[in-house]
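Source file: coords.txt. Holds: compact mmCIF, C-alpha atoms and all ligand atoms.
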```txt
# COMPACT_ATOMS: atom_id res chain seq x y z
CA MET B 1 44.29 59.22 104.33
CA SER B 2 43.43 61.25 107.39
CA ALA B 3 41.65 64.49 107.27
CA PRO B 4 43.76 67.57 108.01
CA ASN B 5 43.76 68.63 111.59
CA LYS B 6 41.80 71.85 111.44
CA SER B 7 43.36 73.27 114.58
CA TYR B 8 46.80 73.38 112.80
CA ASP B 9 45.66 74.44 109.35
CA PRO B 10 47.93 77.29 108.24
CA VAL B 11 45.74 78.29 105.32
CA GLU B 12 43.53 80.06 107.76
CA VAL B 13 46.04 82.92 107.64
CA GLU B 14 44.86 85.01 104.72
CA ALA B 15 48.26 86.45 103.80
CA LEU B 16 49.80 82.98 103.53
CA LYS B 17 47.30 81.45 101.16
CA PRO B 18 49.19 80.12 98.13
CA GLU B 19 47.02 82.02 95.68
CA GLU B 20 47.55 85.21 97.65
CA ILE B 21 51.34 84.67 97.65
CA GLU B 22 51.25 84.04 93.92
CA ARG B 23 49.17 87.14 93.38
CA VAL B 24 51.53 89.50 95.26
CA ARG B 25 54.51 87.80 93.59
CA ASP B 26 53.01 88.34 90.13
CA GLU B 27 52.06 91.87 91.06
CA ALA B 28 55.67 92.58 92.02
CA LEU B 29 57.03 91.04 88.85
CA ALA B 30 54.52 93.03 86.76
CA ALA B 31 55.53 96.24 88.55
CA PHE B 32 59.21 95.59 87.82
CA ALA B 33 58.47 94.85 84.19
CA ALA B 34 56.44 98.05 83.94
CA ALA B 35 59.20 100.20 85.44
CA ASP B 36 60.70 102.12 82.52
CA SER B 37 63.48 103.80 84.39
CA LEU B 38 65.88 103.05 87.22
CA ASP B 39 64.01 105.55 89.39
CA ALA B 40 60.67 103.84 88.71
CA LEU B 41 62.28 100.49 89.44
CA GLN B 42 63.56 101.81 92.74
CA GLU B 43 59.99 102.83 93.69
CA ALA B 44 58.66 99.42 92.70
CA LYS B 45 61.42 97.78 94.71
CA VAL B 46 60.45 99.67 97.86
CA ALA B 47 56.76 98.90 97.32
CA HIS B 48 57.22 95.16 96.67
CA THR B 49 60.26 94.13 98.70
CA GLY B 50 60.36 96.80 101.42
CA GLY B 51 59.50 96.27 105.07
CA THR B 52 55.80 96.97 104.55
CA SER B 53 55.40 95.09 101.28
CA PRO B 54 52.84 92.21 101.22
CA LEU B 55 55.58 89.58 100.94
CA SER B 56 57.47 90.96 103.91
CA LEU B 57 54.28 91.07 105.93
CA ALA B 58 53.49 87.46 104.91
CA ASN B 59 56.99 86.44 105.91
CA ARG B 60 56.38 87.92 109.32
CA GLU B 61 53.18 85.90 109.69
CA ILE B 62 55.17 82.66 109.46
CA GLY B 63 56.57 83.22 112.91
CA ALA B 64 53.09 83.04 114.39
CA LEU B 65 52.25 79.68 112.76
CA PRO B 66 52.22 76.37 114.59
CA PRO B 67 55.60 74.62 114.18
CA GLN B 68 54.40 71.91 111.76
CA ALA B 69 52.98 74.53 109.38
CA LYS B 70 56.07 76.73 109.33
CA ALA B 71 58.10 74.70 106.83
CA ALA B 72 55.49 74.66 104.09
CA ALA B 73 54.64 78.32 104.54
CA GLY B 74 58.31 79.23 104.71
CA LYS B 75 59.00 77.41 101.48
CA LEU B 76 56.08 79.07 99.75
CA VAL B 77 57.05 82.59 100.81
CA GLY B 78 60.75 81.95 100.30
CA GLN B 79 60.22 80.81 96.72
CA ALA B 80 58.03 83.80 96.00
CA ARG B 81 60.60 86.23 97.47
CA ALA B 82 63.38 84.55 95.54
CA ALA B 83 61.39 84.89 92.31
CA VAL B 84 60.75 88.57 93.09
CA GLY B 85 64.44 89.10 93.83
CA ARG B 86 65.48 87.50 90.54
CA GLY B 87 62.90 89.55 88.64
CA LEU B 88 64.17 92.72 90.27
CA ALA B 89 67.80 91.96 89.53
CA ALA B 90 67.04 91.06 85.91
CA ARG B 91 65.08 94.26 85.34
CA GLN B 92 67.77 96.28 87.10
CA GLU B 93 70.36 94.83 84.74
CA GLU B 94 68.22 95.57 81.68
CA LEU B 95 67.58 99.17 82.68
CA GLU B 96 71.27 99.80 83.52
CA ALA B 97 72.30 98.40 80.15
CA GLU B 98 69.77 100.67 78.45
CA ARG B 99 71.05 103.66 80.40
CA ASP B 100 74.68 102.88 79.55
CA ALA B 101 73.87 102.51 75.87
CA ARG B 102 71.95 105.79 75.92
CA VAL B 103 74.80 107.62 77.70
CA LEU B 104 77.26 106.37 75.13
CA VAL B 105 75.15 107.85 72.38
CA GLU B 106 74.03 111.04 74.08
CA GLU B 107 77.38 111.96 75.62
CA ALA B 108 79.58 110.83 72.78
CA VAL B 109 82.40 113.24 71.87
CA ASP B 110 82.94 113.76 68.19
CA VAL B 111 86.69 114.04 68.03
CA THR B 112 86.51 114.99 64.36
CA LEU B 113 84.67 118.25 65.07
CA PRO B 114 86.82 121.37 64.63
CA TYR B 115 87.89 122.85 67.96
CA ASP B 116 88.66 126.41 68.88
CA ARG B 117 91.86 126.92 66.96
CA THR B 118 93.07 130.06 68.70
CA PRO B 119 96.53 128.92 69.71
CA ALA B 120 98.15 129.88 72.97
CA GLY B 121 100.84 132.46 72.47
CA ALA B 122 104.49 131.93 73.22
CA ARG B 123 107.47 134.18 73.64
CA HIS B 124 109.84 134.73 70.76
CA PRO B 125 112.84 132.38 70.75
CA LEU B 126 115.18 135.38 70.62
CA THR B 127 113.75 136.59 73.90
CA THR B 128 114.00 133.23 75.61
CA MET B 129 117.49 132.67 74.19
CA MET B 130 118.65 136.01 75.54
CA GLU B 131 117.20 135.24 78.96
CA ARG B 132 118.71 131.79 78.94
CA VAL B 133 122.18 133.28 78.40
CA ALA B 134 121.61 136.02 80.96
CA ASP B 135 120.46 133.40 83.49
CA VAL B 136 123.84 131.65 83.23
CA PHE B 137 125.48 134.81 84.53
CA VAL B 138 122.78 135.73 87.02
CA SER B 139 123.40 132.32 88.60
CA MET B 140 127.07 133.32 88.93
CA GLY B 141 126.11 136.50 90.78
CA TYR B 142 126.01 138.96 87.88
CA GLU B 143 123.40 141.68 87.77
CA ILE B 144 121.28 142.52 84.73
CA ALA B 145 121.96 146.05 83.46
CA GLU B 146 120.03 147.89 80.78
CA GLY B 147 120.51 151.11 78.90
CA PRO B 148 118.63 153.21 76.36
CA GLU B 149 118.45 152.17 72.71
CA VAL B 150 118.60 155.82 71.65
CA GLU B 151 122.03 156.56 73.03
CA ALA B 152 124.36 159.51 73.32
CA GLU B 153 127.18 159.20 70.86
CA TRP B 154 129.57 159.72 73.76
CA PHE B 155 128.45 156.49 75.47
CA ASN B 156 128.28 154.54 72.24
CA PHE B 157 131.71 155.60 70.93
CA ASP B 158 133.77 158.14 72.88
CA ALA B 159 133.64 156.46 76.29
CA LEU B 160 134.62 153.21 74.61
CA ASN B 161 137.76 154.66 73.08
CA PHE B 162 136.47 155.00 69.51
CA THR B 163 138.46 157.83 67.97
CA PRO B 164 136.47 160.63 66.31
CA ASP B 165 137.46 159.35 62.86
CA HIS B 166 136.74 155.68 63.61
CA PRO B 167 134.95 154.12 60.59
CA ALA B 168 132.18 152.68 62.83
CA ARG B 169 130.98 156.22 63.40
CA GLN B 170 130.25 156.75 59.75
CA MET B 171 126.72 157.15 58.48
CA GLN B 172 126.99 153.93 56.49
CA ASP B 173 127.27 151.91 59.71
CA THR B 174 125.36 153.90 62.29
CA PHE B 175 121.84 155.31 62.47
CA PHE B 176 122.25 158.91 63.61
CA VAL B 177 119.17 160.31 65.32
CA ALA B 178 120.82 163.74 65.52
CA GLY B 179 123.82 164.34 63.28
CA PRO B 180 126.84 166.57 63.91
CA GLU B 181 124.80 169.70 63.29
CA GLY B 182 122.27 168.69 65.95
CA ARG B 183 124.67 167.42 68.56
CA ALA B 184 125.10 170.44 70.77
CA LYS B 185 121.37 171.16 70.82
CA THR B 186 120.22 167.61 71.67
CA VAL B 187 122.52 166.58 74.47
CA GLY B 188 123.99 169.75 75.75
CA ASP B 189 127.57 168.80 75.05
CA GLU B 190 129.57 167.76 72.02
CA SER B 191 127.83 164.42 71.71
CA GLY B 192 125.47 163.37 68.94
CA VAL B 193 122.63 160.91 69.34
CA VAL B 194 122.59 157.47 67.71
CA LEU B 195 120.66 154.26 67.82
CA ARG B 196 123.16 152.25 69.80
CA THR B 197 125.29 150.02 67.56
CA HIS B 198 126.19 147.59 70.36
CA THR B 199 125.33 146.91 73.98
CA SER B 200 128.77 148.13 75.07
CA PRO B 201 127.56 151.63 76.09
CA VAL B 202 125.80 149.87 78.96
CA GLN B 203 129.33 149.01 80.18
CA ALA B 204 130.15 152.69 80.46
CA ARG B 205 126.82 153.49 82.08
CA SER B 206 127.23 150.66 84.59
CA LEU B 207 130.71 151.85 85.58
CA LEU B 208 129.47 155.40 86.05
CA ASP B 209 126.45 154.21 88.08
CA ARG B 210 128.24 151.81 90.39
CA GLU B 211 131.31 151.58 92.53
CA PRO B 212 133.58 148.63 91.70
CA PRO B 213 133.45 145.71 91.95
CA VAL B 214 131.00 145.64 89.03
CA TYR B 215 129.60 142.42 87.58
CA VAL B 216 126.89 143.09 85.01
CA VAL B 217 125.31 141.32 82.06
CA CYS B 218 123.61 143.55 79.50
CA PRO B 219 121.18 142.01 77.04
CA GLY B 220 119.47 144.23 74.50
CA ARG B 221 118.53 145.39 71.04
CA VAL B 222 121.05 147.16 68.81
CA TYR B 223 120.96 148.80 65.37
CA ARG B 224 123.19 149.01 62.34
CA THR B 225 122.54 150.18 58.82
CA ASP B 226 122.54 146.70 57.29
CA GLU B 227 120.11 145.48 54.68
CA LEU B 228 117.88 142.62 55.85
CA ASP B 229 119.17 139.39 54.32
CA ALA B 230 119.87 135.81 55.38
CA THR B 231 122.75 136.78 57.66
CA HIS B 232 122.13 140.46 58.46
CA THR B 233 119.37 142.47 60.01
CA PRO B 234 119.38 146.19 60.86
CA VAL B 235 117.88 145.42 64.28
CA PHE B 236 119.41 142.61 66.24
CA HIS B 237 120.26 141.55 69.78
CA GLN B 238 123.46 141.36 71.72
CA ILE B 239 124.43 140.28 75.15
CA GLU B 240 127.36 141.93 76.81
CA LEU B 241 129.26 140.98 79.92
CA LEU B 242 131.40 143.23 82.07
CA ALA B 243 133.37 142.38 85.18
CA VAL B 244 135.54 145.00 86.90
CA ASP B 245 137.29 144.11 90.11
CA GLU B 246 140.73 144.04 91.68
CA GLY B 247 143.08 141.51 90.15
CA LEU B 248 140.97 140.21 87.26
CA THR B 249 143.00 138.64 84.45
CA MET B 250 142.52 136.95 81.07
CA ALA B 251 142.39 133.67 83.00
CA ASP B 252 139.19 134.82 84.69
CA LEU B 253 137.77 135.75 81.30
CA LYS B 254 138.68 132.37 79.82
CA GLY B 255 137.19 130.47 82.77
CA THR B 256 133.98 132.49 82.53
CA LEU B 257 133.67 131.81 78.79
CA ASP B 258 134.25 128.08 79.29
CA HIS B 259 131.59 127.98 81.98
CA MET B 260 129.12 129.79 79.73
CA VAL B 261 129.50 127.45 76.75
CA GLN B 262 129.26 124.43 79.04
CA ALA B 263 126.09 125.81 80.59
CA LEU B 264 124.57 126.46 77.15
CA PHE B 265 125.90 123.56 75.09
CA GLY B 266 126.80 120.85 77.58
CA ASP B 267 129.75 119.33 79.41
CA GLY B 268 133.10 119.15 77.67
CA MET B 269 132.63 122.37 75.70
CA LYS B 270 135.56 124.78 75.67
CA THR B 271 136.62 128.04 74.06
CA ARG B 272 139.74 129.46 72.50
CA LEU B 273 140.87 133.04 72.05
CA ARG B 274 142.44 134.56 68.93
CA PRO B 275 144.12 137.97 68.96
CA ASN B 276 142.02 140.79 67.56
CA TYR B 277 141.50 144.50 68.00
CA PHE B 278 138.60 146.39 69.56
CA PRO B 279 138.95 149.98 70.77
CA PHE B 280 137.41 149.27 74.17
CA THR B 281 139.46 146.23 75.16
CA GLU B 282 143.20 145.71 75.38
CA PRO B 283 144.26 143.04 74.73
CA SER B 284 141.32 141.98 72.59
CA ALA B 285 140.40 138.58 71.23
CA GLU B 286 137.90 136.78 69.08
CA MET B 287 136.40 133.90 71.01
CA ASP B 288 135.62 130.61 69.38
CA MET B 289 133.94 127.63 70.93
CA VAL B 290 134.59 124.07 69.99
CA CYS B 291 132.01 122.85 67.45
CA TYR B 292 129.08 121.50 69.45
CA VAL B 293 128.20 119.02 66.67
CA CYS B 294 131.49 117.27 65.88
CA ARG B 295 133.44 118.46 68.95
CA GLY B 296 136.41 118.99 66.68
CA GLU B 297 136.52 115.42 65.41
CA SER B 298 135.89 116.49 61.81
CA VAL B 299 139.24 118.25 61.62
CA GLY B 300 141.54 116.39 59.20
CA ASN B 301 138.99 113.62 58.99
CA PRO B 302 137.43 113.63 55.48
CA ASP B 303 135.30 110.61 56.40
CA ARG B 304 133.38 112.65 58.96
CA PRO B 305 132.83 116.12 57.52
CA CYS B 306 130.90 118.61 59.65
CA ARG B 307 128.58 121.10 57.97
CA THR B 308 128.17 123.18 61.11
CA CYS B 309 131.80 124.21 61.48
CA GLY B 310 132.94 123.49 57.90
CA SER B 311 135.19 120.79 59.40
CA GLU B 312 137.22 123.44 61.17
CA GLY B 313 136.31 122.22 64.64
CA TRP B 314 135.62 125.71 66.00
CA ILE B 315 132.74 128.19 65.74
CA GLU B 316 133.25 131.90 66.13
CA LEU B 317 131.11 133.24 68.95
CA GLY B 318 132.00 136.89 69.54
CA GLY B 319 134.56 139.38 70.78
CA CYS B 320 136.16 139.80 74.16
CA GLY B 321 139.12 141.18 76.00
CA MET B 322 140.42 143.05 79.04
CA VAL B 323 138.70 146.39 79.50
CA ASN B 324 140.92 149.11 78.02
CA PRO B 325 142.36 151.28 80.84
CA ARG B 326 141.25 154.32 78.82
CA VAL B 327 137.63 153.12 79.18
CA LEU B 328 138.07 152.68 82.92
CA THR B 329 139.54 156.18 83.17
CA ALA B 330 136.74 157.69 81.08
CA CYS B 331 134.24 156.10 83.46
CA GLY B 332 135.99 157.28 86.61
CA VAL B 333 137.55 153.96 87.59
CA ASP B 334 141.21 153.86 88.63
CA PRO B 335 142.97 151.52 86.19
CA GLU B 336 145.89 151.21 88.58
CA LYS B 337 143.64 149.56 91.13
CA TYR B 338 141.03 147.81 89.03
CA SER B 339 141.05 145.67 85.94
CA GLY B 340 138.20 144.06 84.09
CA PHE B 341 137.12 141.87 81.25
CA ALA B 342 134.23 142.11 78.84
CA PHE B 343 132.73 140.12 76.05
CA GLY B 344 129.73 140.28 73.79
CA PHE B 345 128.04 138.33 71.07
CA GLY B 346 124.93 138.31 68.91
CA ILE B 347 121.85 136.44 70.06
CA GLU B 348 120.60 135.91 66.49
CA ARG B 349 123.84 134.18 65.62
CA MET B 350 123.66 131.97 68.68
CA LEU B 351 120.04 131.07 67.87
CA MET B 352 121.11 130.27 64.30
CA PHE B 353 123.66 127.70 65.21
CA ARG B 354 122.08 126.42 68.40
CA HIS B 355 118.84 125.64 66.56
CA ASN B 356 120.01 125.32 62.95
CA VAL B 357 118.17 128.42 61.78
CA GLU B 358 119.47 129.16 58.31
CA ASP B 359 117.87 132.49 57.51
CA MET B 360 117.88 135.46 59.88
CA ARG B 361 114.80 136.89 58.16
CA ASP B 362 112.73 134.11 59.73
CA MET B 363 113.39 135.68 63.13
CA VAL B 364 111.89 139.04 62.23
CA GLU B 365 109.09 138.27 59.83
CA GLY B 366 106.68 137.15 62.54
CA ASP B 367 105.52 133.93 60.88
CA VAL B 368 104.32 131.67 63.68
CA ARG B 369 105.36 128.63 61.66
CA PHE B 370 108.90 129.61 62.55
CA THR B 371 108.37 130.25 66.25
CA ARG B 372 105.92 127.44 67.00
CA PRO B 373 108.49 124.59 66.96
CA PHE B 374 110.37 126.31 69.76
CA GLY B 375 107.37 125.54 71.92
CA MET B 376 105.95 127.32 74.89
CA GLU B 377 108.71 128.67 77.04
CA ILE B 378 107.94 130.87 79.97
ZN ZN N 401 131.80 120.61 63.54
```

Can you present the structure in this file as structure tokens?
Ligand SMILES: [Zn+2]
Amino acid sequence: MSAPNKSYDPVEVEALKPEEIERVRDEALAAFAAADSLDALQEAKVAHTGGTSPLSLANREIGALPPQAKAAAGKLVGQARAAVGRGLAARQEELEAERDARVLVEEAVDVTLPYDRTPAGARHPLTTMMERVADVFVSMGYEIAEGPEVEAEWFNFDALNFTPDHPARQMQDTFFVAGPEGRAKTVGDESGVVLRTHTSPVQARSLLDREPPVYVVCPGRVYRTDELDATHTPVFHQIELLAVDEGLTMADLKGTLDHMVQALFGDGMKTRLRPNYFPFTEPSAEMDMVCYVCRGESVGNPDRPCRTCGSEGWIELGGCGMVNPRVLTACGVDPEKYSGFAFGFGIERMLMFRHNVEDMRDMVEGDVRFTRPFGMEI
């Protein structure tokens, strides 16, 4: 066995001595093990694997070695760096797992804790229903018209062709704000003051305000002296439609009604008219719409009874007719030139059968358990 050739001995380089390599390797591994956080590990990583770390410096020394010494030194340093790299990765993994476990505990959300139970408000279904109906007509070019709820008796009755002795004017039907004895003083003419009993006075006001053609829809609150029960309330809502133009006929009225029920209840809905009498329309009719549940199929069909329409196939919606020429005259419109149609119905009633509300009192008592299922509607 020949003695090593001293001129090629790589161990002369201090940084590449095996014990020195082992020492810096162990130092690095100890530093990683001692790091108790990812930040500390990052510092240790820079110190022990960075460009100025002992192992990196040793690695650089290899380049200066004689060729026959490079392999052994390279292997030595390479193994040490690999061990350091594995140690770093292992510690990194441990610390990340610890951090993840800690985050899961510290940032856990207790879904069983009570939350802030102040609910978001919503508009009353009567309001949204009324706007929904009005929107049908606004989309057809109608204009929204409003009038006062405290109304001159003249607008509420006289202009609409109610005779002075008409039963609707009696105290048992109408809330009088100023009775016969107060009439002259309050309005300045022979008219009393009432809480309006229908939205029809807005028809008269609209005709006086505008030049024909007039196309208005009048939603609003009205009053009658009814006791509050399941099907009556002294304060309720109506929506009224008025169209006055040249050449309008019952056919226009019928087409408008059909369009409305289709817009509100779906395709295939239709209406029918039954003769009736109202002072402010002539001819007048009750309007029915085909039952939106059975679509008339329950009629004469005992196997498929319909609770909604009582197996009659039709549901009464409201009143309508051609505007009485006397009303046009009273409002300064020439009935020889213009004709018009009008109809009106109760919003409460429509809400009742559109949403199966059985008791009208639910609509006025303010219990949110009633309104909440209608949801948030803007
Ligand atoms: Zn039915």

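If you measure from each of B:Asp359, B:Glu297, B:Glu282, B:Asp288 to ligand ZN 401 (chain N) using only C-alpha atoms and all ligand atoms, the closest one turns out to be B:Glu297.
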
Inset, instruction - Point out the residue among B:Phe353, B:Phe32, B:Phe176, B:Tyr142 with the least atom-to-atom distance to ligand ZN 401 (chain N), counting only C-alpha atoms and all ligand atoms. - result: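 The shortest atom-to-atom distance to ligand ZN 401 (chain N) comes from B:Phe353.
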
Each residue of chain B with at least one atom at most 9 Å from ligand ZN 401 (chain N) should appear once, together with its nearest atom pair and the corresponding distance in Å (one decimal); atoms considered: all atoms listed in the file; ordering: chain, then increasing residue number; output as a Markdown table.
```
| residue | atom | partner | partner_atom | distance |
| --- | --- | --- | --- | --- |
| B:Val290 | CA | N:ZN401 | ZN | 7.8 |
| B:Cys291 | CA | N:ZN401 | ZN | 4.5 |
| B:Tyr292 | CA | N:ZN401 | ZN | 6.6 |
| B:Val293 | CA | N:ZN401 | ZN | 5.0 |
| B:Cys294 | CA | N:ZN401 | ZN | 4.1 |
| B:Arg295 | CA | N:ZN401 | ZN | 6.0 |
| B:Gly296 | CA | N:ZN401 | ZN | 5.8 |
| B:Glu297 | CA | N:ZN401 | ZN | 7.3 |
| B:Ser298 | CA | N:ZN401 | ZN | 6.1 |
| B:Val299 | CA | N:ZN401 | ZN | 8.0 |
| B:Pro305 | CA | N:ZN401 | ZN | 7.6 |
| B:Cys306 | CA | N:ZN401 | ZN | 4.5 |
| B:Arg307 | CA | N:ZN401 | ZN | 6.5 |
| B:Thr308 | CA | N:ZN401 | ZN | 5.1 |
| B:Cys309 | CA | N:ZN401 | ZN | 4.1 |
| B:Gly310 | CA | N:ZN401 | ZN | 6.4 |
| B:Ser311 | CA | N:ZN401 | ZN | 5.4 |
| B:Glu312 | CA | N:ZN401 | ZN | 6.6 |
| B:Gly313 | CA | N:ZN401 | ZN | 4.9 |
| B:Trp314 | CA | N:ZN401 | ZN | 6.8 |
| B:Ile315 | CA | N:ZN401 | ZN | 7.9 |
```

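Our summary of the geometry notes that CA of Lys270 in chain B is positioned 5.1 Å from CA of Asp258 in chain B.
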
Using the file's own x, y and z axes, so that the box edges lie along x, y and z, what centre and edge lengths in Å (one decimal) does a box around every listed atom of range 99-113 of chain B get when 5 Å is added on each side? Give it as AutoDock Vina command-line options.
```
--center_x 78.9 --center_y 110.4 --center_z 72.4 --size_x 25.6 --size_y 25.7 --size_z 26.0
```

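As for CA of Arg132 in chain B and CA of Asp362 in chain B, they are spaced 20.3 Å apart.
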
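When the distance limit is 9 Å and all atoms listed in the file are what count, the residues near Ala28 in chain B, minus those fewer than 4 positions from it on the same chain, are Arg23, Val24, Phe32, Ala33, Ala44, Lys45, Ala47, His48, Thr49, Val84, Gly87 and Leu88 of chain B.
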
Fewer than 6 positions away in the same chain doesn't count, so skip those; otherwise give me all residues within 9 Å of range 330-342 of chain B, counting all atoms listed in the file, as a short mmCIF file (atom, residue, chain, number, x, y, z; two decimals) with C-alpha atoms, keeping the file's coordinate frame.
```cif
data_model
loop_
_atom_site.label_atom_id
_atom_site.label_comp_id
_atom_site.auth_asym_id
_atom_site.auth_seq_id
_atom_site.Cartn_x
_atom_site.Cartn_y
_atom_site.Cartn_z
CA ASP B 158 133.77 158.14 72.88
CA ALA B 159 133.64 156.46 76.29
CA LEU B 160 134.62 153.21 74.61
CA ASN B 161 137.76 154.66 73.08
CA SER B 200 128.77 148.13 75.07
CA GLN B 203 129.33 149.01 80.18
CA ALA B 204 130.15 152.69 80.46
CA ARG B 205 126.82 153.49 82.08
CA SER B 206 127.23 150.66 84.59
CA LEU B 207 130.71 151.85 85.58
CA LEU B 208 129.47 155.40 86.05
CA GLU B 211 131.31 151.58 92.53
CA PRO B 212 133.58 148.63 91.70
CA PRO B 213 133.45 145.71 91.95
CA VAL B 214 131.00 145.64 89.03
CA GLU B 240 127.36 141.93 76.81
CA LEU B 241 129.26 140.98 79.92
CA LEU B 242 131.40 143.23 82.07
CA ALA B 243 133.37 142.38 85.18
CA VAL B 244 135.54 145.00 86.90
CA ASP B 245 137.29 144.11 90.11
CA GLU B 246 140.73 144.04 91.68
CA GLY B 247 143.08 141.51 90.15
CA LEU B 248 140.97 140.21 87.26
CA THR B 249 143.00 138.64 84.45
CA MET B 250 142.52 136.95 81.07
CA ASP B 252 139.19 134.82 84.69
CA LEU B 253 137.77 135.75 81.30
CA THR B 281 139.46 146.23 75.16
CA GLY B 319 134.56 139.38 70.78
CA CYS B 320 136.16 139.80 74.16
CA GLY B 321 139.12 141.18 76.00
CA MET B 322 140.42 143.05 79.04
CA VAL B 323 138.70 146.39 79.50
CA ASN B 324 140.92 149.11 78.02
#
```

Inset, instruction - Using CA of Phe236 in chain B and CA of Phe370 in chain B as the two end points, give the distance in Å to one decimal. - result: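 Computing the Euclidean distance for CA of Phe236 in chain B and CA of Phe370 in chain B yields 17.1 Å.
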
Inset, instruction - Give the answer as one residue: which of B:Pro302, B:Gly344, B:Gly266, B:Gly51 has the shortest atom-to-atom distance to Met287 in chain B, using all atoms listed in the file? - result: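 Going through B:Pro302, B:Gly344, B:Gly266, B:Gly51 one by one, the smallest distance to Met287 in chain B is for B:Gly344.
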
Inset, instruction - Rank B:Ile21, B:Val216, B:Val46, B:Val222 by their smallest atom-to-atom distance to Lys75 in chain B, using all atoms listed in the file, and report the top residue only. - result: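 Ranked by minimum distance to Lys75 in chain B, first place goes to B:Ile21.
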
Inset, instruction - Write out as JSON, numbers by chain the residues lying within 9 Å of Leu38 in chain B, counting only C-alpha atoms and excluding same-chain residues fewer than 4 positions away. - result: {"B": [42, 43, 92, 95, 96, 99]}

Inset, instruction - Tell me, as a PyMOL selection string, which residues lie within 9 Å of Met129 in chain B, counting all atoms listed in the file; anything in the same chain fewer than 4 positions away does not count. - result: chain B and resi 124-125+133-134+347-348+350-351

Inset, instruction - Compile the contact shell of His237 in chain B as an MDAnalysis selection string: residues with an atom at most 10 Å away, counting all atoms listed in the file, same-chain residues fewer than 5 positions apart removed. - result: chainID B and resid 126:127 130 198:199 219:223 345:349

Would you write out those residues with C-alpha atoms, as an mmCIF file, in the coordinates of the input?
```cif
data_model
loop_
_atom_site.group_PDB
_atom_site.id
_atom_site.type_symbol
_atom_site.label_atom_id
_atom_site.label_comp_id
_atom_site.auth_asym_id
_atom_site.auth_seq_id
_atom_site.Cartn_x
_atom_site.Cartn_y
_atom_site.Cartn_z
ATOM 1 C CA LEU B 126 115.180 135.380 70.620
ATOM 2 C CA THR B 127 113.750 136.590 73.900
ATOM 3 C CA MET B 130 118.650 136.010 75.540
ATOM 4 C CA HIS B 198 126.190 147.590 70.360
ATOM 5 C CA THR B 199 125.330 146.910 73.980
ATOM 6 C CA PRO B 219 121.180 142.010 77.040
ATOM 7 C CA GLY B 220 119.470 144.230 74.500
ATOM 8 C CA ARG B 221 118.530 145.390 71.040
ATOM 9 C CA VAL B 222 121.050 147.160 68.810
ATOM 10 C CA TYR B 223 120.960 148.800 65.370
ATOM 11 C CA PHE B 345 128.040 138.330 71.070
ATOM 12 C CA GLY B 346 124.930 138.310 68.910
ATOM 13 C CA ILE B 347 121.850 136.440 70.060
ATOM 14 C CA GLU B 348 120.600 135.910 66.490
ATOM 15 C CA ARG B 349 123.840 134.180 65.620
#
```

Inset, instruction - Using all atoms listed in the file, pick whichever of B:Leu273, B:Ala15, B:Ala34, B:Leu228 has the shortest atom-to-atom distance to Met289 in chain B. - result: B:Leu273

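Near (58.6, 86.0, 107.3), the residues inside the 12 Å limit, counting only C-alpha atoms, come to B:Ala15, B:Leu16, B:Thr49, B:Gly51, B:Thr52, B:Ser53, B:Pro54, B:Leu55, B:Ser56, B:Leu57, B:Ala58, B:Asn59, B:Arg60, B:Glu61, B:Ile62, B:Gly63, B:Ala64, B:Leu65, B:Lys70, B:Ala71, B:Ala73, B:Gly74, B:Lys75, B:Leu76, B:Val77, B:Gly78, B:Gln79, B:Ala80, B:Arg81.
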
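Counting all atoms listed in the file, the residue from B:Arg196, B:Gln262, B:Ala230, B:Gly121 that sits nearest to Thr371 in chain B is B:Gly121.
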